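Undergrad: I'm passing along structure37.csv; it holds CSV, C-alpha atoms.
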```
chain,number,residue,atom,x,y,z
Y,1,MET,CA,49.3,167.4,49.8
Y,2,GLU,CA,50.8,166.6,46.5
Y,3,TYR,CA,50.2,168.5,43.2
Y,4,ARG,CA,49.9,167.5,39.6
Y,5,THR,CA,49.2,169.1,36.2
Y,6,LEU,CA,46.0,168.5,34.3
Y,7,GLY,CA,47.2,166.9,31.1
Y,8,MET,CA,49.5,169.0,29.0
Y,9,SER,CA,48.1,172.3,30.2
Y,10,SER,CA,49.7,174.8,32.6
Y,11,LEU,CA,47.0,174.2,35.2
Y,12,ARG,CA,48.7,172.8,38.4
Y,13,VAL,CA,46.3,171.7,41.1
Y,14,SER,CA,46.3,169.7,44.3
Y,15,ALA,CA,46.3,165.9,43.6
Y,16,VAL,CA,43.0,165.7,45.5
Y,17,GLY,CA,40.5,168.5,44.9
Y,18,LEU,CA,37.4,169.4,46.8
Y,19,GLY,CA,34.0,168.9,45.3
Y,20,CYS,CA,31.8,171.5,47.0
Y,21,MET,CA,28.3,170.6,45.7
Y,22,GLY,CA,27.3,168.6,48.8
Y,23,MET,CA,27.8,171.6,51.1
Y,24,SER,CA,24.7,173.3,49.5
Y,25,HIS,CA,23.0,170.8,47.3
Y,26,GLY,CA,22.0,167.1,46.8
Y,27,TYR,CA,23.2,165.6,50.1
Y,28,GLY,CA,20.6,166.7,52.5
Y,29,LEU,CA,19.6,170.3,53.6
Y,30,PRO,CA,22.4,172.8,53.0
Y,31,ALA,CA,25.1,172.8,55.7
Y,32,ASP,CA,25.7,175.8,58.0
Y,33,LYS,CA,27.3,178.5,55.9
Y,34,ARG,CA,29.7,179.7,58.6
Y,35,GLU,CA,30.9,176.1,59.2
Y,36,MET,CA,31.4,175.5,55.5
Y,37,SER,CA,33.3,178.7,55.2
Y,38,ARG,CA,35.7,177.6,57.9
Y,39,LEU,CA,36.0,174.2,56.3
Y,40,LEU,CA,37.0,175.8,53.0
Y,41,GLU,CA,39.6,177.9,54.8
Y,42,ASP,CA,40.9,174.8,56.5
Y,43,ALA,CA,41.1,173.1,53.1
Y,44,VAL,CA,43.3,176.0,51.8
Y,45,ASP,CA,45.6,175.7,54.9
Y,46,MET,CA,45.8,171.9,54.3
Y,47,GLY,CA,47.1,172.4,50.7
Y,48,TYR,CA,43.9,171.9,48.7
Y,49,THR,CA,44.0,174.3,45.7
Y,50,MET,CA,41.2,172.9,43.4
Y,51,PHE,CA,37.7,173.8,44.4
Y,52,ASP,CA,34.8,172.6,42.2
Y,53,THR,CA,31.3,174.1,42.0
Y,54,ALA,CA,28.6,175.0,39.5
Y,55,GLU,CA,26.1,177.7,39.0
Y,56,ILE,CA,23.2,175.3,39.7
Y,57,TYR,CA,24.4,173.9,43.0
Y,58,GLY,CA,21.8,175.4,45.4
Y,59,THR,CA,18.2,175.2,46.5
Y,60,VAL,CA,14.9,176.4,45.1
Y,61,ASN,CA,15.1,179.5,47.3
Y,62,ASP,CA,18.9,180.0,46.8
Y,63,PRO,CA,19.8,178.4,43.4
Y,64,HIS,CA,23.4,179.7,43.3
Y,65,ALA,CA,24.2,179.1,47.0
Y,66,ASN,CA,27.4,177.1,46.4
Y,67,GLU,CA,29.1,179.6,44.1
Y,68,GLU,CA,28.2,182.4,46.6
Y,69,LEU,CA,29.6,180.3,49.4
Y,70,LEU,CA,32.9,179.8,47.6
Y,71,GLY,CA,33.1,183.5,46.6
Y,72,GLU,CA,32.7,184.7,50.1
Y,73,ALA,CA,35.0,182.1,51.7
Y,74,LEU,CA,37.8,182.1,49.2
Y,75,TYR,CA,38.2,185.6,47.8
Y,76,LYS,CA,41.0,186.4,50.3
Y,77,TYR,CA,42.9,183.3,49.1
Y,78,ARG,CA,42.3,184.0,45.4
Y,79,ASP,CA,45.9,183.8,44.4
Y,80,ARG,CA,46.3,180.4,46.1
Y,81,VAL,CA,43.2,178.6,44.7
Y,82,VAL,CA,41.9,177.2,41.4
Y,83,LEU,CA,38.2,177.9,41.0
Y,84,ALA,CA,36.4,175.5,38.7
Y,85,THR,CA,32.7,176.1,37.9
Y,86,LYS,CA,30.2,175.0,35.3
Y,87,PHE,CA,27.7,176.3,32.8
Y,88,GLY,CA,24.9,175.0,30.6
Y,89,LEU,CA,22.3,173.3,32.9
Y,90,SER,CA,19.1,174.1,34.7
Y,91,PHE,CA,16.8,171.8,36.7
Y,92,ASP,CA,13.4,170.7,35.7
Y,93,HIS,CA,11.0,171.1,38.7
Y,94,PRO,CA,13.7,171.6,41.3
Y,95,GLU,CA,11.0,171.8,44.0
Y,96,GLY,CA,10.4,168.0,43.7
Y,97,ASP,CA,12.3,165.0,45.0
Y,98,GLY,CA,15.8,164.6,43.5
Y,99,PRO,CA,17.7,163.8,41.5
Y,100,HIS,CA,16.0,166.4,39.4
Y,101,PRO,CA,15.9,166.0,35.6
Y,102,ILE,CA,18.2,168.5,33.9
Y,103,ILE,CA,17.8,170.7,30.9
Y,104,PRO,CA,21.0,171.6,28.8
Y,105,ASP,CA,21.5,174.9,27.2
Y,106,SER,CA,25.0,175.7,25.8
Y,107,SER,CA,23.9,178.3,23.3
Y,108,PRO,CA,26.4,181.2,23.0
Y,109,GLU,CA,23.9,183.6,24.6
Y,110,ALA,CA,23.4,181.3,27.6
Y,111,ILE,CA,27.1,180.8,28.1
Y,112,ARG,CA,27.7,184.6,28.0
Y,113,HIS,CA,25.0,185.1,30.6
Y,114,ALA,CA,26.2,182.3,32.8
Y,115,VAL,CA,29.9,183.4,32.9
Y,116,GLU,CA,29.0,186.9,34.0
Y,117,GLY,CA,26.9,185.5,36.9
Y,118,SER,CA,29.5,183.1,38.0
Y,119,LEU,CA,32.3,185.8,37.9
Y,120,ARG,CA,30.1,188.0,40.1
Y,121,ARG,CA,29.1,185.3,42.6
Y,122,LEU,CA,32.7,183.9,42.9
Y,123,ARG,CA,34.0,187.5,43.4
Y,124,THR,CA,36.7,187.2,40.8
Y,125,ASP,CA,37.7,188.6,37.5
Y,126,HIS,CA,38.5,185.2,36.0
Y,127,ILE,CA,37.5,181.6,36.3
Y,128,ASP,CA,40.4,179.2,36.3
Y,129,LEU,CA,38.6,176.2,34.8
Y,130,TYR,CA,35.2,176.6,33.2
Y,131,TYR,CA,33.3,173.4,32.4
Y,132,GLN,CA,30.4,172.7,30.0
Y,133,HIS,CA,28.3,170.9,32.6
Y,134,ARG,CA,26.7,168.5,30.1
Y,135,ILE,CA,26.7,168.2,26.3
Y,136,ASP,CA,23.8,170.0,24.7
Y,137,PRO,CA,22.7,168.0,21.6
Y,138,ALA,CA,21.3,171.1,20.0
Y,139,VAL,CA,24.7,172.9,19.9
Y,140,GLU,CA,27.7,171.7,18.0
Y,141,PRO,CA,30.9,171.2,20.0
Y,142,GLU,CA,32.7,173.6,17.6
Y,143,VAL,CA,30.3,176.4,18.6
Y,144,VAL,CA,30.8,175.9,22.3
Y,145,ALA,CA,34.6,175.8,21.8
Y,146,GLU,CA,34.5,179.0,19.8
Y,147,VAL,CA,32.8,180.8,22.8
Y,148,MET,CA,35.4,179.3,25.1
Y,149,ARG,CA,38.2,180.5,22.9
Y,150,ASP,CA,36.7,184.0,23.0
Y,151,LEU,CA,36.3,184.0,26.8
Y,152,ILE,CA,40.0,182.9,27.1
Y,153,THR,CA,41.0,185.7,24.8
Y,154,GLU,CA,39.0,188.2,26.9
Y,155,GLY,CA,40.6,186.9,30.1
Y,156,LYS,CA,37.3,185.8,31.7
Y,157,ILE,CA,38.4,182.2,31.8
Y,158,LEU,CA,41.9,180.6,31.8
Y,159,HIS,CA,41.0,177.0,30.8
Y,160,TRP,CA,38.0,175.1,29.9
Y,161,GLY,CA,36.7,171.6,30.2
Y,162,ILE,CA,33.8,169.3,29.5
Y,163,SER,CA,31.8,167.2,31.9
Y,164,GLU,CA,30.5,163.8,30.7
Y,165,ALA,CA,32.3,164.1,27.4
Y,166,ASP,CA,32.6,161.3,24.9
Y,167,GLU,CA,35.4,160.8,22.4
Y,168,ASP,CA,33.8,162.4,19.3
Y,169,TYR,CA,32.6,165.5,21.1
Y,170,LEU,CA,36.0,166.0,22.8
Y,171,ARG,CA,38.0,165.6,19.6
Y,172,ARG,CA,35.8,168.1,17.7
Y,173,ALA,CA,35.9,170.7,20.5
Y,174,HIS,CA,39.6,170.2,21.1
Y,175,VAL,CA,40.5,171.1,17.5
Y,176,VAL,CA,38.9,174.6,18.0
Y,177,CYS,CA,40.1,175.4,21.5
Y,178,ARG,CA,42.4,173.1,23.5
Y,179,VAL,CA,40.5,171.3,26.3
Y,180,THR,CA,42.3,171.2,29.6
Y,181,ALA,CA,40.2,168.6,31.4
Y,182,VAL,CA,37.3,166.2,31.1
Y,183,GLN,CA,35.3,165.8,34.3
Y,184,ASN,CA,33.4,162.5,34.4
Y,185,ARG,CA,32.0,160.1,36.9
Y,186,TYR,CA,34.6,157.6,38.0
Y,187,SER,CA,35.0,155.2,40.9
Y,188,MET,CA,35.6,151.5,41.5
Y,189,MET,CA,31.9,151.1,40.8
Y,190,ALA,CA,31.7,153.3,37.7
Y,191,ARG,CA,34.6,152.5,35.3
Y,192,TRP,CA,32.9,153.0,31.9
Y,193,HIS,CA,34.9,156.1,31.1
Y,194,GLU,CA,38.3,154.2,31.3
Y,195,ALA,CA,37.8,153.6,27.6
Y,196,LEU,CA,38.4,157.4,27.1
Y,197,PHE,CA,41.8,157.3,28.9
Y,198,PRO,CA,43.9,156.6,25.7
Y,199,VAL,CA,42.3,159.5,24.0
Y,200,LEU,CA,43.0,161.8,26.9
Y,201,GLU,CA,46.6,160.7,26.9
Y,202,GLU,CA,46.9,161.3,23.2
Y,203,LEU,CA,45.4,164.8,23.4
Y,204,GLY,CA,47.1,165.8,26.6
Y,205,VAL,CA,43.8,166.3,28.5
Y,206,GLY,CA,43.5,165.9,32.2
Y,207,PHE,CA,40.8,163.8,33.9
Y,208,VAL,CA,38.8,165.1,36.9
Y,209,ALA,CA,36.9,162.3,38.7
Y,210,PHE,CA,33.7,163.3,40.3
Y,211,SER,CA,31.8,160.9,42.7
Y,212,PRO,CA,35.1,159.0,43.2
Y,213,LEU,CA,33.7,157.3,46.3
Y,214,ALA,CA,30.5,156.3,44.6
Y,215,ASN,CA,28.6,159.1,46.3
Y,216,GLY,CA,30.0,157.9,49.6
Y,217,LEU,CA,29.3,154.2,49.5
Y,218,LEU,CA,33.0,153.3,49.2
Y,219,THR,CA,33.7,154.9,52.5
Y,220,THR,CA,32.0,151.8,54.0
Y,221,ASN,CA,30.3,154.2,56.5
Y,222,TYR,CA,26.8,153.2,55.3
Y,223,ASP,CA,24.7,150.1,55.6
Y,224,ALA,CA,21.2,148.8,54.8
Y,225,THR,CA,19.7,150.8,57.7
Y,226,SER,CA,21.0,154.2,56.5
Y,227,LYS,CA,18.2,156.6,55.7
Y,228,PHE,CA,18.2,159.6,53.4
Y,229,ASP,CA,15.5,162.3,53.0
Y,230,PRO,CA,14.1,162.0,49.4
Y,231,ARG,CA,13.2,165.7,49.4
Y,232,SER,CA,16.8,166.9,49.8
Y,233,ASP,CA,19.2,163.9,49.5
Y,234,TYR,CA,19.8,162.3,46.1
Y,235,ARG,CA,21.1,159.2,47.8
Y,236,ALA,CA,17.6,158.2,48.6
Y,237,ALA,CA,17.0,157.4,45.0
Y,238,MET,CA,20.5,156.1,44.1
Y,239,PRO,CA,20.6,152.3,43.3
Y,240,GLN,CA,23.8,151.6,45.4
Y,241,PHE,CA,22.0,152.9,48.5
Y,242,GLN,CA,18.9,150.7,48.2
Y,243,LYS,CA,18.5,148.2,51.0
Y,244,GLU,CA,19.0,145.2,48.7
Y,245,SER,CA,22.1,146.6,47.1
Y,246,PHE,CA,24.1,146.2,50.3
Y,247,ASN,CA,23.9,142.5,50.0
Y,248,LYS,CA,25.1,142.7,46.4
Y,249,ASN,CA,28.0,144.9,47.4
Y,250,GLN,CA,29.2,143.0,50.4
Y,251,GLU,CA,32.1,141.4,48.5
Y,252,LEU,CA,33.2,144.8,47.1
Y,253,LEU,CA,33.1,146.5,50.5
Y,254,ARG,CA,34.9,143.6,52.2
Y,255,TYR,CA,37.6,143.7,49.5
Y,256,ILE,CA,38.1,147.5,50.0
Y,257,LEU,CA,38.4,146.9,53.7
Y,258,HIS,CA,41.0,144.2,53.1
Y,259,LEU,CA,43.0,146.5,50.9
Y,260,ALA,CA,42.8,149.3,53.5
Y,261,ASP,CA,44.1,147.0,56.2
Y,262,GLU,CA,46.9,145.8,54.0
Y,263,HIS,CA,48.1,149.3,53.2
Y,264,HIS,CA,47.4,150.8,56.7
Y,265,ALA,CA,44.9,153.2,55.1
Y,266,THR,CA,41.2,153.9,55.2
Y,267,PRO,CA,38.7,152.6,52.6
Y,268,SER,CA,38.3,156.1,51.2
Y,269,GLN,CA,42.1,156.5,50.9
Y,270,ILE,CA,42.3,153.2,49.0
Y,271,SER,CA,39.5,154.1,46.6
Y,272,LEU,CA,41.2,157.5,45.8
Y,273,ALA,CA,44.8,156.1,45.7
Y,274,TRP,CA,43.6,153.5,43.2
Y,275,MET,CA,42.8,156.2,40.7
Y,276,LEU,CA,45.6,158.6,41.7
Y,277,CYS,CA,48.2,155.9,41.0
Y,278,LYS,CA,46.7,154.9,37.6
Y,279,LYS,CA,47.7,158.1,35.8
Y,280,PRO,CA,49.5,161.3,36.8
Y,281,TRP,CA,46.8,163.4,35.2
Y,282,ILE,CA,43.8,162.1,37.2
Y,283,VAL,CA,42.5,164.3,40.0
Y,284,PRO,CA,39.6,163.1,42.1
Y,285,ILE,CA,37.3,165.6,43.7
Y,286,PRO,CA,35.6,164.0,46.7
Y,287,GLY,CA,33.2,166.1,48.6
Y,288,THR,CA,32.7,166.4,52.4
Y,289,ARG,CA,31.2,168.6,55.1
Y,290,HIS,CA,33.7,167.4,57.8
Y,291,LEU,CA,37.2,168.3,58.7
Y,292,CYS,CA,38.2,164.8,59.5
Y,293,ARG,CA,37.2,163.6,56.1
Y,294,LEU,CA,39.0,166.5,54.5
Y,295,LYS,CA,42.2,165.3,56.2
Y,296,GLU,CA,41.5,161.7,55.4
Y,297,ASN,CA,41.0,162.4,51.7
Y,298,ALA,CA,44.2,164.4,51.5
Y,299,GLY,CA,46.0,161.5,53.0
Y,300,ALA,CA,45.2,159.4,50.0
Y,301,THR,CA,48.3,160.8,48.3
Y,302,ASP,CA,50.4,159.0,50.8
Y,303,VAL,CA,49.1,155.6,49.7
Y,304,LYS,CA,51.3,154.3,46.9
Y,305,LEU,CA,50.1,151.4,44.8
Y,306,THR,CA,52.3,149.7,42.2
Y,307,ASN,CA,51.2,149.1,38.6
Y,308,LYS,CA,51.0,145.4,39.5
Y,309,GLU,CA,48.7,146.1,42.4
Y,310,ILE,CA,46.5,148.4,40.3
Y,311,GLU,CA,46.2,145.6,37.7
Y,312,ALA,CA,45.3,143.1,40.4
Y,313,ILE,CA,42.6,145.4,41.8
Y,314,ASP,CA,41.1,146.0,38.3
Y,315,SER,CA,41.1,142.3,37.6
Y,316,THR,CA,39.3,141.6,40.9
Y,317,LEU,CA,36.7,144.4,40.2
Y,318,ASP,CA,36.1,143.0,36.7
Y,319,SER,CA,35.1,139.6,38.1
Y,320,MET,CA,33.1,140.9,41.0
Y,321,THR,CA,29.3,141.1,41.4
Y,322,MET,CA,28.1,144.5,42.5
Y,323,SER,CA,24.9,146.6,42.3
Y,324,GLU,CA,24.2,149.3,39.8
Y,325,VAL,CA,25.6,152.7,40.7
Y,326,PHE,CA,24.0,156.1,40.1
Y,327,GLY,CA,24.9,157.1,36.6
Y,328,GLY,CA,23.5,160.7,36.5
Y,329,SER,CA,20.3,162.7,36.3
Y,330,LYS,CA,17.9,162.3,33.4
Y,331,ILE,CA,18.6,164.8,30.6
Y,332,LEU,CA,15.5,166.4,29.0
Y,333,SER,CA,15.1,168.2,25.7
Y,334,THR,CA,17.1,171.4,25.2
Y,335,ALA,CA,15.8,174.6,26.8
Y,336,LYS,CA,15.8,176.4,23.4
```
Show this structure as structure tokens.

TA:
Amino acid sequence: MEYRTLGMSSLRVSAVGLGCMGMSHGYGLPADKREMSRLLEDAVDMGYTMFDTAEIYGTVNDPHANEELLGEALYKYRDRVVLATKFGLSFDHPEGDGPHPIIPDSSPEAIRHAVEGSLRRLRTDHIDLYYQHRIDPAVEPEVVAEVMRDLITEGKILHWGISEADEDYLRRAHVVCRVTAVQNRYSMMARWHEALFPVLEELGVGFVAFSPLANGLLTTNYDATSKFDPRSDYRAAMPQFQKESFNKNQELLRYILHLADEHHATPSQISLAWMLCKKPWIVPIPGTRHLCRLKENAGATDVKLTNKEIEAIDSTLDSMTMSEVFGGSKILSTAK
């Protein structure tokens, strides 16, 4: 495993992190807890240091399952891992089919309540990287940043970040309390946040890419016959997994397979290497429930693409027809 620093911060993490949501939420029924605990331990042994979760990654009956899983599995490795979690969201009608609409609440009172719960469930006295999960239009970024500054002063968090940030919000928050990372959706199918890269470089903010494999489509392991349970698996409703989308994405998937063959890599490794080689401050956080995929994703750091190759890939993607890709859950009115 290779390592890199998020922007101009002091936070050094594995070049590929582990998105843990799918172990407990959104990708079918929760996986076996003992198996996932062993997988998390294997990840540490393999050199992963960045583990990403959130207070809402769970089920109706166990809404905080993912944080609890990480707390139990990783507390004995606490000095070797970076724990990243998120605040500020709740689900609307989580008992229904997903993706569930989400309700933001980044009021200072809600943040204070959330951080105490996360600290307890993660079995730690500090959170390494604490994200605002989504922007709350009812709360100014300066207010959120002030709370983050206070939590850093109190030692409850070491760094903070924003998920799905835009330029204006980031700049305003950053003035009050330095932002370490922005965590946004990013993959070969979801490139709209590339417009933010010059701002991140200017401010010295790192970029954490979630859904870097387009929720698994870019692994090339799925086809038009793949089935997902709409009650527990978000992919059942995602546009890129609809039957007609596989025809639209044939050219993209063939191209990724061609690149993989050319570089003696897998499609997943090519998709991750493409973003790893763009900027030294980009960290993808693919998720998995399987040891073989954990090893495969870590191996993406061995695939080196030149700037010329990156430009050629970008140019090809720009000219390629592909289906829509899942862009996120519907955001409802604030909870306040």

Undergrad: Rank nothing, just name the residue among Y:Pro280, Y:Gly287, Y:Pro63, Y:Gly28 nearest to Glu2 of chain Y, using only C-alpha atoms.

TA: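 Residue with the minimum atom-to-atom distance to Glu2 of chain Y: Y:Pro280.
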
Undergrad: Using all atoms listed in the file, which protein or nucleic acid residues come within 9 Å of segment 320-323 of chain Y? Drop anything in the same chain fewer than 3 positions from it, and give the result as a ChimeraX atom specification.

TA: /Y:189,239-240,244-252,315-317

Undergrad: Next, the residues of the selection above should be written as a PDB file, in the frame of the given file with C-alpha atoms.

TA:
```pdb
ATOM      1  CA  MET Y 189      31.900 151.100  40.800  1.00  0.00           C
ATOM      2  CA  PRO Y 239      20.600 152.300  43.300  1.00  0.00           C
ATOM      3  CA  GLN Y 240      23.800 151.600  45.400  1.00  0.00           C
ATOM      4  CA  GLU Y 244      19.000 145.200  48.700  1.00  0.00           C
ATOM      5  CA  SER Y 245      22.100 146.600  47.100  1.00  0.00           C
ATOM      6  CA  PHE Y 246      24.100 146.200  50.300  1.00  0.00           C
ATOM      7  CA  ASN Y 247      23.900 142.500  50.000  1.00  0.00           C
ATOM      8  CA  LYS Y 248      25.100 142.700  46.400  1.00  0.00           C
ATOM      9  CA  ASN Y 249      28.000 144.900  47.400  1.00  0.00           C
ATOM     10  CA  GLN Y 250      29.200 143.000  50.400  1.00  0.00           C
ATOM     11  CA  GLU Y 251      32.100 141.400  48.500  1.00  0.00           C
ATOM     12  CA  LEU Y 252      33.200 144.800  47.100  1.00  0.00           C
ATOM     13  CA  SER Y 315      41.100 142.300  37.600  1.00  0.00           C
ATOM     14  CA  THR Y 316      39.300 141.600  40.900  1.00  0.00           C
ATOM     15  CA  LEU Y 317      36.700 144.400  40.200  1.00  0.00           C
TER      16      LEU Y 317
END
```

Undergrad: Rank nothing, just name the residue among Y:Pro141, Y:Pro284, Y:Pro101, Y:Gly58 nearest to Val179 of chain Y, using all atoms listed in the file.

TA: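 Once distances to Val179 of chain Y are computed over all atoms listed in the file, the minimum belongs to Y:Pro141.
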
Undergrad: Mind dumping a table of every segment 232-304 of chain Y residue within 7 Å of segment 213-226 of chain Y, with the nearest atom pair and its distance in Å to one decimal, using all atoms listed in the file, sorted by chain and rising number, as JSON lines?

TA:
```
{"residue": "Y:Lys243", "atom": "CA", "partner": "Y:Ala224", "partner_atom": "CA", "distance": 4.7}
{"residue": "Y:Phe246", "atom": "CA", "partner": "Y:Ala224", "partner_atom": "CA", "distance": 6.0}
{"residue": "Y:Leu253", "atom": "CA", "partner": "Y:Thr220", "partner_atom": "CA", "distance": 6.4}
{"residue": "Y:Pro267", "atom": "CA", "partner": "Y:Thr219", "partner_atom": "CA", "distance": 5.5}
{"residue": "Y:Ser268", "atom": "CA", "partner": "Y:Thr219", "partner_atom": "CA", "distance": 4.9}
{"residue": "Y:Ser271", "atom": "CA", "partner": "Y:Leu213", "partner_atom": "CA", "distance": 6.6}
{"residue": "Y:Pro286", "atom": "CA", "partner": "Y:Leu213", "partner_atom": "CA", "distance": 7.0}
```

Undergrad: May I have the residues from that selection written out with C-alpha atoms, as an mmCIF file, keeping the file's coordinate frame?

TA:
```cif
data_model
loop_
_atom_site.group_PDB
_atom_site.id
_atom_site.type_symbol
_atom_site.label_atom_id
_atom_site.label_comp_id
_atom_site.auth_asym_id
_atom_site.auth_seq_id
_atom_site.Cartn_x
_atom_site.Cartn_y
_atom_site.Cartn_z
ATOM 1 C CA LYS Y 243 18.500 148.200 51.000
ATOM 2 C CA PHE Y 246 24.100 146.200 50.300
ATOM 3 C CA LEU Y 253 33.100 146.500 50.500
ATOM 4 C CA PRO Y 267 38.700 152.600 52.600
ATOM 5 C CA SER Y 268 38.300 156.100 51.200
ATOM 6 C CA SER Y 271 39.500 154.100 46.600
ATOM 7 C CA PRO Y 286 35.600 164.000 46.700
#
```

Undergrad: Counting all atoms listed in the file, which of Y:Met1, Y:Ile285, Y:Ala273, Y:Met8 gets nearest to Thr53 of chain Y?

TA: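 The closest residue to Thr53 of chain Y is Y:Ile285.
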
Undergrad: For a test of reading the model, state the distance in Å between atom CA of Glu109 of chain Y and atom CA of Ala173 of chain Y, rounded to one decimal.

TA: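 It comes out at 18.1 Å.
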
Undergrad: For Leu151 of chain Y, list every protein, DNA or RNA residue within 10 Å, evaluated using only C-alpha atoms, and leave out those in the same chain fewer than 5 positions away; present the list as a ChimeraX atom specification.

TA: /Y:111-112,115,126-127,130,145-146,156-160

Undergrad: Restore N, CA and C atoms in segment 262-273 of chain Y and list the result as a JSON list (two decimals), in the coordinates of the input.

TA:
```
[["chain", "number", "residue", "atom", "x", "y", "z"],
["Y", 262, "GLU", "N", 45.58, 146.17, 54.53],
["Y", 262, "GLU", "CA", 46.90, 145.80, 54.00],
["Y", 262, "GLU", "C", 47.81, 146.96, 53.79],
["Y", 263, "HIS", "N", 47.26, 148.12, 53.49],
["Y", 263, "HIS", "CA", 48.10, 149.30, 53.20],
["Y", 263, "HIS", "C", 48.02, 150.33, 54.36],
["Y", 264, "HIS", "N", 47.47, 149.93, 55.50],
["Y", 264, "HIS", "CA", 47.40, 150.80, 56.70],
["Y", 264, "HIS", "C", 46.73, 152.15, 56.28],
["Y", 265, "ALA", "N", 45.62, 152.03, 55.61],
["Y", 265, "ALA", "CA", 44.90, 153.20, 55.10],
["Y", 265, "ALA", "C", 43.41, 153.01, 55.43],
["Y", 266, "THR", "N", 42.60, 153.98, 55.05],
["Y", 266, "THR", "CA", 41.20, 153.90, 55.20],
["Y", 266, "THR", "C", 40.55, 153.44, 53.85],
["Y", 267, "PRO", "N", 39.32, 152.95, 53.85],
["Y", 267, "PRO", "CA", 38.70, 152.60, 52.60],
["Y", 267, "PRO", "C", 38.63, 153.76, 51.60],
["Y", 268, "SER", "N", 38.34, 154.95, 52.09],
["Y", 268, "SER", "CA", 38.30, 156.10, 51.20],
["Y", 268, "SER", "C", 39.67, 156.36, 50.57],
["Y", 269, "GLN", "N", 40.71, 156.26, 51.37],
["Y", 269, "GLN", "CA", 42.10, 156.50, 50.90],
["Y", 269, "GLN", "C", 42.45, 155.46, 49.81],
["Y", 270, "ILE", "N", 42.05, 154.22, 50.02],
["Y", 270, "ILE", "CA", 42.30, 153.20, 49.00],
["Y", 270, "ILE", "C", 41.60, 153.47, 47.73],
["Y", 271, "SER", "N", 40.34, 153.86, 47.82],
["Y", 271, "SER", "CA", 39.50, 154.10, 46.60],
["Y", 271, "SER", "C", 40.12, 155.29, 45.83],
["Y", 272, "LEU", "N", 40.63, 156.31, 46.52],
["Y", 272, "LEU", "CA", 41.20, 157.50, 45.80],
["Y", 272, "LEU", "C", 42.62, 157.13, 45.33],
["Y", 273, "ALA", "N", 43.40, 156.43, 46.13],
["Y", 273, "ALA", "CA", 44.80, 156.10, 45.70],
["Y", 273, "ALA", "C", 44.75, 155.20, 44.48]]
```
